file final-v2.pdb (PDB, C-alpha atoms)
ATOM      1  CA  MET A   1     -78.114  -5.103 -30.151
ATOM      2  CA  PRO A   2     -79.306  -2.217 -32.270
ATOM      3  CA  GLU A   3     -78.485   1.336 -33.006
ATOM      4  CA  LYS A   4     -81.002   3.021 -30.780
ATOM      5  CA  ARG A   5     -81.192   2.358 -27.107
ATOM      6  CA  ASP A   6     -83.884   4.733 -25.994
ATOM      7  CA  GLY A   7     -84.427   2.738 -22.836
ATOM      8  CA  LEU A   8     -81.099   3.904 -21.532
ATOM      9  CA  TYR A   9     -82.536   7.393 -21.039
ATOM     10  CA  ILE A  10     -82.991   6.413 -17.408
ATOM     11  CA  PHE A  11     -79.221   6.443 -17.073
ATOM     12  CA  GLU A  12     -78.600   9.930 -18.433
ATOM     13  CA  GLY A  13     -76.169  11.776 -16.218
ATOM     14  CA  LEU A  14     -74.407   8.656 -15.018
ATOM     15  CA  THR A  15     -70.959   7.800 -16.355
ATOM     16  CA  GLN A  16     -70.475   5.062 -18.958
ATOM     17  CA  LYS A  17     -68.727   2.941 -16.357
ATOM     18  CA  GLU A  18     -71.570   3.354 -13.859
ATOM     19  CA  ILE A  19     -74.103   2.361 -16.520
ATOM     20  CA  SER A  20     -71.947  -0.558 -17.595
ATOM     21  CA  TYR A  21     -71.599  -1.809 -14.066
ATOM     22  CA  PHE A  22     -75.373  -1.722 -13.694
ATOM     23  CA  VAL A  23     -75.881  -3.556 -16.996
ATOM     24  CA  MET A  24     -73.353  -6.192 -15.932
ATOM     25  CA  MET A  25     -75.332  -6.699 -12.713
ATOM     26  CA  SER A  26     -78.638  -7.141 -14.547
ATOM     27  CA  GLU A  27     -80.323 -10.486 -15.044
ATOM     28  CA  VAL A  28     -80.865 -11.810 -18.599
ATOM     29  CA  LYS A  29     -84.178 -13.540 -19.157
ATOM     30  CA  LYS A  30     -85.842 -15.065 -22.227
ATOM     31  CA  PHE A  31     -89.550 -15.305 -22.911
ATOM     32  CA  ALA A  32     -91.387 -17.254 -25.609
ATOM     33  CA  SER A  33     -93.736 -15.379 -27.939
ATOM     34  CA  GLY A  34     -97.104 -14.904 -26.215
ATOM     35  CA  THR A  35     -95.719 -14.892 -22.669
ATOM     36  CA  LYS A  36     -97.216 -12.362 -20.284
ATOM     37  CA  ILE A  37     -94.259 -10.572 -18.687
ATOM     38  CA  ILE A  38     -96.226  -8.070 -16.559
ATOM     39  CA  SER A  39     -99.942  -8.042 -15.602
ATOM     40  CA  GLU A  40    -101.901  -4.847 -15.001
ATOM     41  CA  GLY A  41    -102.889  -4.532 -11.345
ATOM     42  CA  ASN A  42    -100.277  -6.964 -10.036
ATOM     43  CA  ALA A  43     -98.163  -5.933  -7.078
ATOM     44  CA  THR A  44     -94.864  -4.594  -8.312
ATOM     45  CA  ASP A  45     -91.710  -6.698  -8.086
ATOM     46  CA  ASN A  46     -89.750  -3.435  -8.408
ATOM     47  CA  ARG A  47     -88.036  -4.439 -11.597
ATOM     48  CA  ALA A  48     -87.634  -2.683 -14.935
ATOM     49  CA  TYR A  49     -87.054  -4.480 -18.243
ATOM     50  CA  LEU A  50     -84.768  -3.393 -21.095
ATOM     51  CA  ILE A  51     -85.456  -5.256 -24.359
ATOM     52  CA  GLU A  52     -82.283  -6.844 -25.695
ATOM     53  CA  SER A  53     -84.026  -8.471 -28.655
ATOM     54  CA  GLY A  54     -87.580  -9.083 -29.819
ATOM     55  CA  SER A  55     -90.677  -6.998 -29.177
ATOM     56  CA  VAL A  56     -93.635  -6.745 -26.801
ATOM     57  CA  ASP A  57     -97.167  -5.345 -26.868
ATOM     58  CA  VAL A  58     -98.416  -3.091 -24.064
ATOM     59  CA  TYR A  59    -102.085  -3.238 -23.034
ATOM     60  CA  ARG A  60    -104.057  -1.055 -20.694
ATOM     61  CA  GLN A  61    -107.546  -2.164 -19.717
ATOM     62  CA  LYS A  62    -107.244  -4.766 -22.486
ATOM     63  CA  VAL A  63    -106.605  -2.127 -25.160
ATOM     64  CA  LYS A  64    -103.265  -2.287 -26.944
ATOM     65  CA  ILE A  65    -101.581   1.069 -26.468
ATOM     66  CA  ASP A  66     -98.050   0.458 -27.691
ATOM     67  CA  SER A  67     -95.459  -1.933 -29.136
ATOM     68  CA  LEU A  68     -91.906  -1.823 -27.837
ATOM     69  CA  HIS A  69     -88.762  -3.117 -29.485
ATOM     70  CA  THR A  70     -85.084  -3.781 -28.954
ATOM     71  CA  GLY A  71     -83.550  -0.984 -26.894
ATOM     72  CA  ASP A  72     -86.842   0.114 -25.321
ATOM     73  CA  ILE A  73     -87.513  -0.105 -21.601
ATOM     74  CA  PHE A  74     -90.731  -0.944 -19.767
ATOM     75  CA  GLY A  75     -91.791  -1.224 -16.152
ATOM     76  CA  GLU A  76     -89.384   1.536 -15.179
ATOM     77  CA  MET A  77     -91.976   3.185 -12.915
ATOM     78  CA  ALA A  78     -91.204   0.293 -10.575
ATOM     79  CA  LEU A  79     -87.728   1.753 -10.075
ATOM     80  CA  ILE A  80     -89.163   4.830  -8.372
ATOM     81  CA  THR A  81     -92.560   3.839  -6.892
ATOM     82  CA  ASP A  82     -94.141   0.790  -5.265
ATOM     83  CA  GLU A  83     -97.448   1.097  -7.114
ATOM     84  CA  PRO A  84     -99.036  -1.944  -8.758
ATOM     85  CA  ARG A  85     -98.309  -2.507 -12.438
ATOM     86  CA  SER A  86    -100.285  -0.112 -14.600
ATOM     87  CA  ALA A  87    -100.192  -2.145 -17.808
ATOM     88  CA  THR A  88     -99.991  -5.662 -19.173
ATOM     89  CA  VAL A  89     -96.947  -6.522 -21.286
ATOM     90  CA  ILE A  90     -96.971  -9.546 -23.599
ATOM     91  CA  ALA A  91     -94.100 -10.807 -25.766
ATOM     92  CA  ASN A  92     -95.156 -10.741 -29.446
ATOM     93  CA  SER A  93     -91.998 -12.584 -30.548
ATOM     94  CA  PRO A  94     -89.292 -14.481 -28.702
ATOM     95  CA  VAL A  95     -87.936 -11.802 -26.360
ATOM     96  CA  GLU A  96     -84.746 -11.382 -24.400
ATOM     97  CA  VAL A  97     -84.648  -8.734 -21.659
ATOM     98  CA  LEU A  98     -82.217  -7.352 -19.129
ATOM     99  CA  ILE A  99     -83.852  -6.974 -15.729
ATOM    100  CA  PHE A 100     -82.885  -4.103 -13.432
ATOM    101  CA  ASN A 101     -84.010  -3.941  -9.836
ATOM    102  CA  LYS A 102     -84.970  -0.934  -7.758
ATOM    103  CA  ASN A 103     -82.522  -1.492  -4.908
ATOM    104  CA  GLU A 104     -79.463  -1.532  -7.151
ATOM    105  CA  PHE A 105     -80.836   1.375  -9.155
ATOM    106  CA  LEU A 106     -81.316   3.452  -5.996
ATOM    107  CA  ILE A 107     -77.803   2.714  -4.792
ATOM    108  CA  LEU A 108     -76.359   3.682  -8.169
ATOM    109  CA  CYS A 109     -78.378   6.887  -8.524
ATOM    110  CA  LYS A 110     -78.016   8.092  -4.970
ATOM    111  CA  LYS A 111     -74.303   7.509  -5.043
ATOM    112  CA  SER A 112     -74.057   9.747  -8.070
ATOM    113  CA  GLY A 113     -76.375  12.400  -6.586
ATOM    114  CA  LEU A 114     -78.716  12.209  -9.560
ATOM    115  CA  TYR A 115     -81.639  10.404  -8.056
ATOM    116  CA  ASP A 116     -84.110  13.288  -8.127
ATOM    117  CA  ASP A 117     -83.170  14.196 -11.676
ATOM    118  CA  ILE A 118     -83.650  10.650 -12.873
ATOM    119  CA  LYS A 119     -86.881  10.239 -10.946
ATOM    120  CA  TRP A 120     -88.416  13.266 -12.650
ATOM    121  CA  LYS A 121     -87.190  12.154 -16.015
ATOM    122  CA  ILE A 122     -88.861   8.775 -15.604
ATOM    123  CA  LEU A 123     -92.117  10.313 -14.372
ATOM    124  CA  ARG A 124     -92.207  12.786 -17.240
ATOM    125  CA  ARG A 125     -91.433  10.195 -19.875
ATOM    126  CA  VAL A 126     -93.923   7.671 -18.556
ATOM    127  CA  LYS A 127     -96.569  10.361 -18.552
ATOM    128  CA  GLU A 128     -95.722  11.386 -22.111
ATOM    129  CA  ASN A 129     -95.447   7.947 -23.655
ATOM    130  CA  PHE A 130     -98.082   6.171 -21.789
ATOM    131  CA  TYR A 131    -100.866   7.992 -20.049
ATOM    132  CA  GLU A 132    -101.375  10.316 -22.977
ATOM    133  CA  ASN A 133    -101.755   7.370 -25.323
ATOM    134  CA  ASN A 134    -105.123   6.675 -23.772
TER
ATOM    135  CA  MET B   1     -72.443  12.040 -20.019
ATOM    136  CA  THR B   2     -75.530  11.051 -21.902
ATOM    137  CA  ALA B   3     -76.361   7.411 -21.967
ATOM    138  CA  VAL B   4     -77.287   7.310 -25.605
ATOM    139  CA  SER B   5     -73.997   8.130 -27.206
ATOM    140  CA  ASN B   6     -73.221   8.311 -30.909
ATOM    141  CA  GLY B   7     -69.795   6.873 -30.347
ATOM    142  CA  LEU B   8     -71.291   3.577 -29.333
ATOM    143  CA  TYR B   9     -72.227   2.905 -32.966
ATOM    144  CA  ILE B  10     -69.087   0.788 -33.125
ATOM    145  CA  PHE B  11     -70.788  -1.685 -30.811
ATOM    146  CA  GLU B  12     -73.908  -2.244 -32.905
ATOM    147  CA  GLY B  13     -74.641  -5.933 -33.119
ATOM    148  CA  LEU B  14     -73.105  -6.734 -29.750
ATOM    149  CA  THR B  15     -75.237  -7.444 -26.684
ATOM    150  CA  GLN B  16     -75.633  -4.907 -23.870
ATOM    151  CA  LYS B  17     -73.589  -7.118 -21.584
ATOM    152  CA  GLU B  18     -70.772  -7.452 -24.112
ATOM    153  CA  ILE B  19     -70.666  -3.681 -24.517
ATOM    154  CA  ALA B  20     -70.834  -3.161 -20.761
ATOM    155  CA  TYR B  21     -67.957  -5.578 -20.214
ATOM    156  CA  PHE B  22     -65.857  -3.775 -22.805
ATOM    157  CA  ILE B  23     -66.558  -0.381 -21.227
ATOM    158  CA  MET B  24     -65.681  -1.732 -17.798
ATOM    159  CA  MET B  25     -62.327  -2.857 -19.257
ATOM    160  CA  SER B  26     -61.593   0.559 -20.756
ATOM    161  CA  GLU B  27     -59.151   2.999 -19.222
ATOM    162  CA  THR B  28     -60.417   6.383 -17.999
ATOM    163  CA  LEU B  29     -58.064   9.273 -18.863
ATOM    164  CA  GLN B  30     -58.317  12.953 -18.000
ATOM    165  CA  PHE B  31     -56.839  15.773 -20.033
ATOM    166  CA  ASN B  32     -56.543  19.511 -19.395
ATOM    167  CA  SER B  33     -57.959  22.035 -21.799
ATOM    168  CA  GLY B  34     -55.374  22.552 -24.555
ATOM    169  CA  ALA B  35     -53.820  19.098 -24.219
ATOM    170  CA  THR B  36     -53.096  17.267 -27.486
ATOM    171  CA  ILE B  37     -54.518  13.748 -27.255
ATOM    172  CA  MET B  38     -53.182  12.628 -30.617
ATOM    173  CA  SER B  39     -51.059  14.186 -33.354
ATOM    174  CA  GLU B  40     -51.501  13.755 -37.100
ATOM    175  CA  GLY B  41     -48.826  11.446 -38.503
ATOM    176  CA  ASP B  42     -48.054   9.782 -35.153
ATOM    177  CA  ALA B  43     -47.734   6.017 -35.144
ATOM    178  CA  SER B  44     -51.018   4.506 -33.985
ATOM    179  CA  ASP B  45     -51.204   3.273 -30.401
ATOM    180  CA  ASN B  46     -54.241   1.274 -31.530
ATOM    181  CA  ARG B  47     -56.648   2.950 -29.165
ATOM    182  CA  ALA B  48     -59.998   4.627 -29.723
ATOM    183  CA  TYR B  49     -61.365   7.306 -27.396
ATOM    184  CA  LEU B  50     -64.954   7.782 -26.275
ATOM    185  CA  ILE B  51     -65.596  11.234 -24.768
ATOM    186  CA  GLU B  52     -67.161  10.906 -21.341
ATOM    187  CA  SER B  53     -67.218  14.647 -20.649
ATOM    188  CA  GLY B  54     -65.765  17.777 -22.208
ATOM    189  CA  SER B  55     -65.049  18.407 -25.883
ATOM    190  CA  VAL B  56     -62.222  18.279 -28.400
ATOM    191  CA  ASP B  57     -61.289  19.960 -31.681
ATOM    192  CA  VAL B  58     -60.137  17.852 -34.618
ATOM    193  CA  TYR B  59     -57.527  19.310 -37.003
ATOM    194  CA  ARG B  60     -56.256  18.034 -40.298
ATOM    195  CA  LYS B  61     -53.186  19.681 -41.797
ATOM    196  CA  GLY B  62     -53.638  22.562 -39.393
ATOM    197  CA  THR B  63     -57.288  23.173 -40.347
ATOM    198  CA  LYS B  64     -60.020  22.555 -37.817
ATOM    199  CA  ILE B  65     -62.481  20.101 -39.349
ATOM    200  CA  SER B  66     -64.742  19.219 -36.468
ATOM    201  CA  THR B  67     -65.588  19.548 -32.771
ATOM    202  CA  LEU B  68     -66.606  16.480 -30.786
ATOM    203  CA  HIS B  69     -68.504  16.294 -27.496
ATOM    204  CA  ALA B  70     -69.546  13.920 -24.732
ATOM    205  CA  GLY B  71     -70.709  10.656 -26.290
ATOM    206  CA  ASP B  72     -68.663  11.026 -29.487
ATOM    207  CA  ILE B  73     -65.817   8.699 -30.401
ATOM    208  CA  PHE B  74     -62.540   9.473 -32.156
ATOM    209  CA  GLY B  75     -59.507   7.503 -33.269
ATOM    210  CA  GLU B  76     -61.691   4.460 -33.931
ATOM    211  CA  ILE B  77     -59.966   3.692 -37.231
ATOM    212  CA  ALA B  78     -57.106   2.516 -34.984
ATOM    213  CA  LEU B  79     -59.329  -0.370 -33.905
ATOM    214  CA  ILE B  80     -59.248  -1.837 -37.402
ATOM    215  CA  THR B  81     -55.999  -0.651 -39.037
ATOM    216  CA  ASN B  82     -52.419   0.116 -37.988
ATOM    217  CA  ASP B  83     -52.232   3.313 -40.054
ATOM    218  CA  SER B  84     -50.645   6.356 -38.506
ATOM    219  CA  ARG B  85     -53.000   8.940 -36.988
ATOM    220  CA  SER B  86     -54.780  10.922 -39.673
ATOM    221  CA  ALA B  87     -55.765  13.909 -37.537
ATOM    222  CA  GLN B  88     -54.745  15.931 -34.540
ATOM    223  CA  VAL B  89     -57.114  16.049 -31.578
ATOM    224  CA  VAL B  90     -56.835  18.865 -29.011
ATOM    225  CA  CYS B  91     -59.001  19.340 -25.904
ATOM    226  CA  ASN B  92     -60.906  22.610 -25.893
ATOM    227  CA  SER B  93     -62.086  22.043 -22.298
ATOM    228  CA  PRO B  94     -61.122  19.704 -19.454
ATOM    229  CA  THR B  95     -61.945  16.335 -21.017
ATOM    230  CA  GLU B  96     -62.446  12.834 -19.719
ATOM    231  CA  VAL B  97     -62.257   9.920 -22.143
ATOM    232  CA  LEU B  98     -62.536   6.153 -22.076
ATOM    233  CA  ALA B  99     -59.706   4.528 -24.044
ATOM    234  CA  PHE B 100     -60.460   1.241 -25.833
ATOM    235  CA  SER B 101     -57.681  -0.962 -27.179
ATOM    236  CA  LYS B 102     -57.676  -2.798 -30.499
ATOM    237  CA  ASP B 103     -56.726  -6.147 -28.981
ATOM    238  CA  GLU B 104     -59.684  -6.200 -26.623
ATOM    239  CA  PHE B 105     -61.991  -4.873 -29.304
ATOM    240  CA  MET B 106     -60.975  -7.611 -31.761
ATOM    241  CA  MET B 107     -61.375 -10.267 -29.142
ATOM    242  CA  LEU B 108     -64.856  -8.988 -28.336
ATOM    243  CA  CYS B 109     -65.937  -8.706 -31.970
ATOM    244  CA  GLN B 110     -64.468 -11.975 -33.183
ATOM    245  CA  HIS B 111     -66.011 -13.722 -30.250
ATOM    246  CA  SER B 112     -69.407 -12.443 -31.329
ATOM    247  CA  ASP B 113     -68.834 -12.883 -35.061
ATOM    248  CA  THR B 114     -69.667  -9.318 -36.018
ATOM    249  CA  TYR B 115     -66.130  -8.121 -36.704
ATOM    250  CA  GLU B 116     -66.421  -7.759 -40.486
ATOM    251  CA  GLU B 117     -69.704  -5.887 -40.150
ATOM    252  CA  ILE B 118     -68.294  -3.535 -37.518
ATOM    253  CA  LYS B 119     -65.166  -2.984 -39.568
ATOM    254  CA  GLN B 120     -67.197  -1.925 -42.607
ATOM    255  CA  LYS B 121     -69.350   0.339 -40.449
ATOM    256  CA  ILE B 122     -66.330   2.095 -38.953
ATOM    257  CA  LEU B 123     -64.777   2.574 -42.391
ATOM    258  CA  ALA B 124     -68.020   3.965 -43.829
ATOM    259  CA  ARG B 125     -68.570   6.338 -40.932
ATOM    260  CA  VAL B 126     -65.008   7.593 -40.836
ATOM    261  CA  LYS B 127     -65.172   8.231 -44.562
ATOM    262  CA  GLU B 128     -68.460  10.098 -44.236
ATOM    263  CA  ASN B 129     -67.594  12.210 -41.190
ATOM    264  CA  PHE B 130     -64.039  12.921 -41.876
ATOM    265  CA  TYR B 131     -62.478  12.509 -45.264
ATOM    266  CA  ASN B 132     -65.336  14.217 -47.046
ATOM    267  CA  LYS B 133     -64.811  17.397 -45.047
TER
END
call {"tool": "encode", "arguments": {"input": "final-v2.pdb", "output": "C-alpha cells"}}
result
Amino acid sequence: MPEKRDGLYIFEGLTQKEISYFVMMSEVKKFASGTKIISEGNATDNRAYLIESGSVDVYRQKVKIDSLHTGDIFGEMALITDEPRSATVIANSPVEVLIFNKNEFLILCKKSGLYDDIKWKILRRVKENFYENN
Amino acid sequence: MTAVSNGLYIFEGLTQKEIAYFIMMSETLQFNSGATIMSEGDASDNRAYLIESGSVDVYRKGTKISTLHAGDIFGEIALITNDSRSAQVVCNSPTEVLAFSKDEFMMLCQHSDTYEEIKQKILARVKENFYNK
C-alpha cells in the first residue's frame, strides 16, 4: 500500500481507531484485468470501493473520464444516496479493493456526530472530480 | 484527526488491513498541555507516537527545532534502534497520541517482508527532518 491514500478523505474527522475499525470490517475482493466492477445505471448496492492495489478506468456514457489508482476511492456516492450508479468502472489491471458498506458507514459517522460534514465533503468532491470532467 | 496523516509513512508497503490492525493494537494516551512525553537522553521505551489531536514542540539541547501536529509521528527511530531518546517532546496543547511498540511493529513488518525497506525509510526521514535542523 502506497504513500497517498486520497480515498481516505471520506474519513476525515474520525479518529485513527474508528477508521481502522472500519477498515478491519471491510471486505477484500480481487478482480481480474478487464472486469466490470460497477455499471452505469445499475441499482446501487450501497457500497464504496477503496483501491488497495491496481488501477481502474471510469467511463460515463461510454467516454473514459478518469483512471484511478491505489489509494483512490470510487462509488462513494453510494454511502450517502440510493441513486443508481452514475459511471461504469472497469479494472485495467489486476485489482484488489476494500469494500465499505453504507450501513456500517452510517453507524460509524453518526456515532461520531460527523455525518453531515462527511456527507457534504463527499458531495463536493464527487462534483469536483467527476461531473466537471464532462 | 485527518485521515491522511504524514506519520503513517512508516506503514508504506503494508496493506490497509495490516495498518488498521496495528492501529487497533496501539495504546491511546492523553497528555495535558506542558507535559513532557519524552526527554532527551532517556533510555528508549521502544515506542513511537502518532499524534491523534493536539500538538507538541520538539527540543534538542534546549533549542526548539520543530512543532508537530495531528497526523505527525515522533519517536519512530525507537521502532528500529535501542538508542536513547535524541530529543525532548513537550505538549503545547492537550494532546492525544497513539503509542506503537517496537515488538508489534517488527512482527508486523517481518511478517510482510518490508522491514528493511521501512527501516531505511525511517532512517532517511529522521535524518532529513531532524538532524539537518
call {"tool": "axis_aligned_box", "arguments": {"input": "final-v2.pdb", "around": "range 41-49 of chain B", "padding_each_side": "6 Å", "output": "AutoDock Vina command-line options"}}
result
--center_x -54.5 --center_y 6.4 --center_z -32.9 --size_x 25.6 --size_y 22.2 --size_z 23.1
call {"tool": "residues_around", "arguments": {"input": "final-v2.pdb", "residues": "Thr15 in chain A", "least_positions_apart": "2", "cutoff": "12 Å", "atoms": "all atoms listed in the file", "output": "ChimeraX atom specification"}}
result
/A:11-13,17-22,108-109,111-112,114 /B:1-5,20,23-24,28,50-53,70-71,96-98
call {"tool": "write_last_selection", "arguments": {"input": "final-v2.pdb", "atoms": "C-alpha atoms", "output": "compact mmCIF listing (two decimals), in the frame of the given file"}}
result
# COMPACT_ATOMS: atom_id res chain seq x y z
CA PHE A 11 -79.22 6.44 -17.07
CA GLU A 12 -78.60 9.93 -18.43
CA GLY A 13 -76.17 11.78 -16.22
CA LYS A 17 -68.73 2.94 -16.36
CA GLU A 18 -71.57 3.35 -13.86
CA ILE A 19 -74.10 2.36 -16.52
CA SER A 20 -71.95 -0.56 -17.60
CA TYR A 21 -71.60 -1.81 -14.07
CA PHE A 22 -75.37 -1.72 -13.69
CA LEU A 108 -76.36 3.68 -8.17
CA CYS A 109 -78.38 6.89 -8.52
CA LYS A 111 -74.30 7.51 -5.04
CA SER A 112 -74.06 9.75 -8.07
CA LEU A 114 -78.72 12.21 -9.56
CA MET B 1 -72.44 12.04 -20.02
CA THR B 2 -75.53 11.05 -21.90
CA ALA B 3 -76.36 7.41 -21.97
CA VAL B 4 -77.29 7.31 -25.60
CA SER B 5 -74.00 8.13 -27.21
CA ALA B 20 -70.83 -3.16 -20.76
CA ILE B 23 -66.56 -0.38 -21.23
CA MET B 24 -65.68 -1.73 -17.80
CA THR B 28 -60.42 6.38 -18.00
CA LEU B 50 -64.95 7.78 -26.28
CA ILE B 51 -65.60 11.23 -24.77
CA GLU B 52 -67.16 10.91 -21.34
CA SER B 53 -67.22 14.65 -20.65
CA ALA B 70 -69.55 13.92 -24.73
CA GLY B 71 -70.71 10.66 -26.29
CA GLU B 96 -62.45 12.83 -19.72
CA VAL B 97 -62.26 9.92 -22.14
CA LEU B 98 -62.54 6.15 -22.08
call {"tool": "interface_residues", "arguments": {"input": "final-v2.pdb", "of": "chain A", "to": "chain B", "cutoff": "12 Å", "atoms": "only C-alpha atoms", "output": "compact mmCIF listing (two decimals) with C-alpha atoms, keeping the file's coordinate frame"}}
result
# COMPACT_ATOMS: atom_id res chain seq x y z
CA MET A 1 -78.11 -5.10 -30.15
CA PRO A 2 -79.31 -2.22 -32.27
CA GLU A 3 -78.48 1.34 -33.01
CA LYS A 4 -81.00 3.02 -30.78
CA ARG A 5 -81.19 2.36 -27.11
CA ASP A 6 -83.88 4.73 -25.99
CA GLY A 7 -84.43 2.74 -22.84
CA LEU A 8 -81.10 3.90 -21.53
CA TYR A 9 -82.54 7.39 -21.04
CA ILE A 10 -82.99 6.41 -17.41
CA PHE A 11 -79.22 6.44 -17.07
CA GLU A 12 -78.60 9.93 -18.43
CA GLY A 13 -76.17 11.78 -16.22
CA LEU A 14 -74.41 8.66 -15.02
CA THR A 15 -70.96 7.80 -16.36
CA GLN A 16 -70.47 5.06 -18.96
CA LYS A 17 -68.73 2.94 -16.36
CA GLU A 18 -71.57 3.35 -13.86
CA ILE A 19 -74.10 2.36 -16.52
CA SER A 20 -71.95 -0.56 -17.60
CA TYR A 21 -71.60 -1.81 -14.07
CA PHE A 22 -75.37 -1.72 -13.69
CA VAL A 23 -75.88 -3.56 -17.00
CA MET A 24 -73.35 -6.19 -15.93
CA MET A 25 -75.33 -6.70 -12.71
CA SER A 26 -78.64 -7.14 -14.55
CA GLU A 27 -80.32 -10.49 -15.04
CA VAL A 28 -80.86 -11.81 -18.60
CA LEU A 50 -84.77 -3.39 -21.10
CA ILE A 51 -85.46 -5.26 -24.36
CA GLU A 52 -82.28 -6.84 -25.70
CA SER A 53 -84.03 -8.47 -28.66
CA THR A 70 -85.08 -3.78 -28.95
CA GLY A 71 -83.55 -0.98 -26.89
CA ASP A 72 -86.84 0.11 -25.32
CA GLU A 96 -84.75 -11.38 -24.40
CA VAL A 97 -84.65 -8.73 -21.66
CA LEU A 98 -82.22 -7.35 -19.13
CA ILE A 99 -83.85 -6.97 -15.73
call {"tool": "closest_residue", "arguments": {"input": "final-v2.pdb", "among": "B:Leu79, B:Val89, B:Leu29, B:Ala99", "to": "Tyr115 in chain B", "atoms": "only C-alpha atoms"}}
result
B:Leu79
call {"tool": "atom_distance", "arguments": {"input": "final-v2.pdb", "atom1": "CA of Ser101 in chain B", "atom2": "CA of Ala48 in chain B"}}
result
6.6 Å
call {"tool": "atom_distance", "arguments": {"input": "final-v2.pdb", "atom1": "CA of Lys61 in chain B", "atom2": "CA of Ser86 in chain B"}}
result
9.2 Å
call {"tool": "residues_around", "arguments": {"input": "final-v2.pdb", "residues": "range 38-40 of chain B", "least_positions_apart": "5", "cutoff": "9 Å", "atoms": "all atoms listed in the file", "output": "ChimeraX atom specification"}}
result
/B:59-61,75,84-90
call {"tool": "residues_near_point", "arguments": {"input": "final-v2.pdb", "point": "(-94.3, -9.5, -23.9)", "cutoff": "9 Å", "atoms": "all atoms listed in the file", "output": "PyMOL selection string"}}
result
chain A and resi 31-38+54-58+68+88-95
call {"tool": "residues_near_point", "arguments": {"input": "final-v2.pdb", "point": "(-61.5, -4.3, -44.5)", "cutoff": "9 Å", "atoms": "all atoms listed in the file", "output": "JSON, numbers by chain"}}
result
{"B": [80, 81, 116, 119, 120, 123]}
call {"tool": "atom_distance", "arguments": {"input": "final-v2.pdb", "atom1": "CA of Ser33 in chain B", "atom2": "CA of Arg125 in chain B"}}
result
26.9 Å
call {"tool": "closest_residue", "arguments": {"input": "final-v2.pdb", "among": "B:Lys64, B:Asn46, B:Glu128, B:Ser55", "to": "Ile77 in chain B", "atoms": "all atoms listed in the file"}}
result
B:Asn46
call {"tool": "residues_around", "arguments": {"input": "final-v2.pdb", "residues": "Lys110 in chain A", "least_positions_apart": "6", "cutoff": "12 Å", "atoms": "only C-alpha atoms", "output": "PyMOL selection string"}}
result
chain A and resi 13-14+18+102-104+116-119
call {"tool": "decode", "arguments": {"input": "final-v2.pdb", "residues": "range 8-56 of chain B", "atoms": "C-alpha atoms", "output": "PDB file, in the first residue's frame"}}
result
ATOM      1  CA  LEU B   8       1.669   6.884   8.509  1.00  0.00           C
ATOM      2  CA  TYR B   9       4.616   6.950   6.093  1.00  0.00           C
ATOM      3  CA  ILE B  10       6.160   4.279   8.294  1.00  0.00           C
ATOM      4  CA  PHE B  11       3.470   1.900   7.082  1.00  0.00           C
ATOM      5  CA  GLU B  12       4.109   2.301   3.358  1.00  0.00           C
ATOM      6  CA  GLY B  13       4.175  -1.089   1.716  1.00  0.00           C
ATOM      7  CA  LEU B  14       1.786  -2.665   4.198  1.00  0.00           C
ATOM      8  CA  THR B  15      -1.850  -3.356   3.331  1.00  0.00           C
ATOM      9  CA  GLN B  16      -4.692  -1.224   4.704  1.00  0.00           C
ATOM     10  CA  LYS B  17      -5.819  -4.113   6.867  1.00  0.00           C
ATOM     11  CA  GLU B  18      -2.339  -4.651   8.294  1.00  0.00           C
ATOM     12  CA  ILE B  19      -2.106  -0.964   9.158  1.00  0.00           C
ATOM     13  CA  ALA B  20      -5.614  -0.967  10.607  1.00  0.00           C
ATOM     14  CA  TYR B  21      -4.806  -3.975  12.776  1.00  0.00           C
ATOM     15  CA  PHE B  22      -1.668  -2.288  14.070  1.00  0.00           C
ATOM     16  CA  ILE B  23      -3.553   0.914  14.900  1.00  0.00           C
ATOM     17  CA  MET B  24      -6.243  -1.068  16.687  1.00  0.00           C
ATOM     18  CA  MET B  25      -3.475  -2.635  18.813  1.00  0.00           C
ATOM     19  CA  SER B  26      -1.971   0.737  19.719  1.00  0.00           C
ATOM     20  CA  GLU B  27      -2.470   2.376  23.085  1.00  0.00           C
ATOM     21  CA  THR B  28      -4.267   5.736  23.275  1.00  0.00           C
ATOM     22  CA  LEU B  29      -2.644   8.175  25.735  1.00  0.00           C
ATOM     23  CA  GLN B  30      -3.708  11.665  26.754  1.00  0.00           C
ATOM     24  CA  PHE B  31      -1.383  14.384  27.964  1.00  0.00           C
ATOM     25  CA  ASN B  32      -2.017  17.851  29.397  1.00  0.00           C
ATOM     26  CA  SER B  33      -0.538  20.931  27.823  1.00  0.00           C
ATOM     27  CA  GLY B  34       3.013  21.297  29.164  1.00  0.00           C
ATOM     28  CA  ALA B  35       3.515  17.586  29.824  1.00  0.00           C
ATOM     29  CA  THR B  36       6.872  16.136  28.738  1.00  0.00           C
ATOM     30  CA  ILE B  37       6.240  12.988  26.700  1.00  0.00           C
ATOM     31  CA  MET B  38       9.903  12.114  26.295  1.00  0.00           C
ATOM     32  CA  SER B  39      13.195  13.580  27.491  1.00  0.00           C
ATOM     33  CA  GLU B  40      16.438  13.794  25.529  1.00  0.00           C
ATOM     34  CA  GLY B  41      18.931  11.212  26.784  1.00  0.00           C
ATOM     35  CA  ASP B  42      16.284   8.959  28.369  1.00  0.00           C
ATOM     36  CA  ALA B  43      16.587   5.248  27.730  1.00  0.00           C
ATOM     37  CA  SER B  44      14.246   4.292  24.897  1.00  0.00           C
ATOM     38  CA  ASP B  45      10.970   2.621  25.830  1.00  0.00           C
ATOM     39  CA  ASN B  46      10.834   1.471  22.203  1.00  0.00           C
ATOM     40  CA  ARG B  47       7.608   3.248  21.406  1.00  0.00           C
ATOM     41  CA  ALA B  48       6.648   5.639  18.630  1.00  0.00           C
ATOM     42  CA  TYR B  49       3.839   8.178  18.987  1.00  0.00           C
ATOM     43  CA  LEU B  50       1.312   9.214  16.360  1.00  0.00           C
ATOM     44  CA  ILE B  51      -0.488  12.470  17.229  1.00  0.00           C
ATOM     45  CA  GLU B  52      -4.235  11.980  17.101  1.00  0.00           C
ATOM     46  CA  SER B  53      -5.065  15.514  18.242  1.00  0.00           C
ATOM     47  CA  GLY B  54      -3.195  18.470  19.691  1.00  0.00           C
ATOM     48  CA  SER B  55       0.412  19.462  19.045  1.00  0.00           C
ATOM     49  CA  VAL B  56       3.877  19.121  20.536  1.00  0.00           C
TER      50      VAL B  56
END
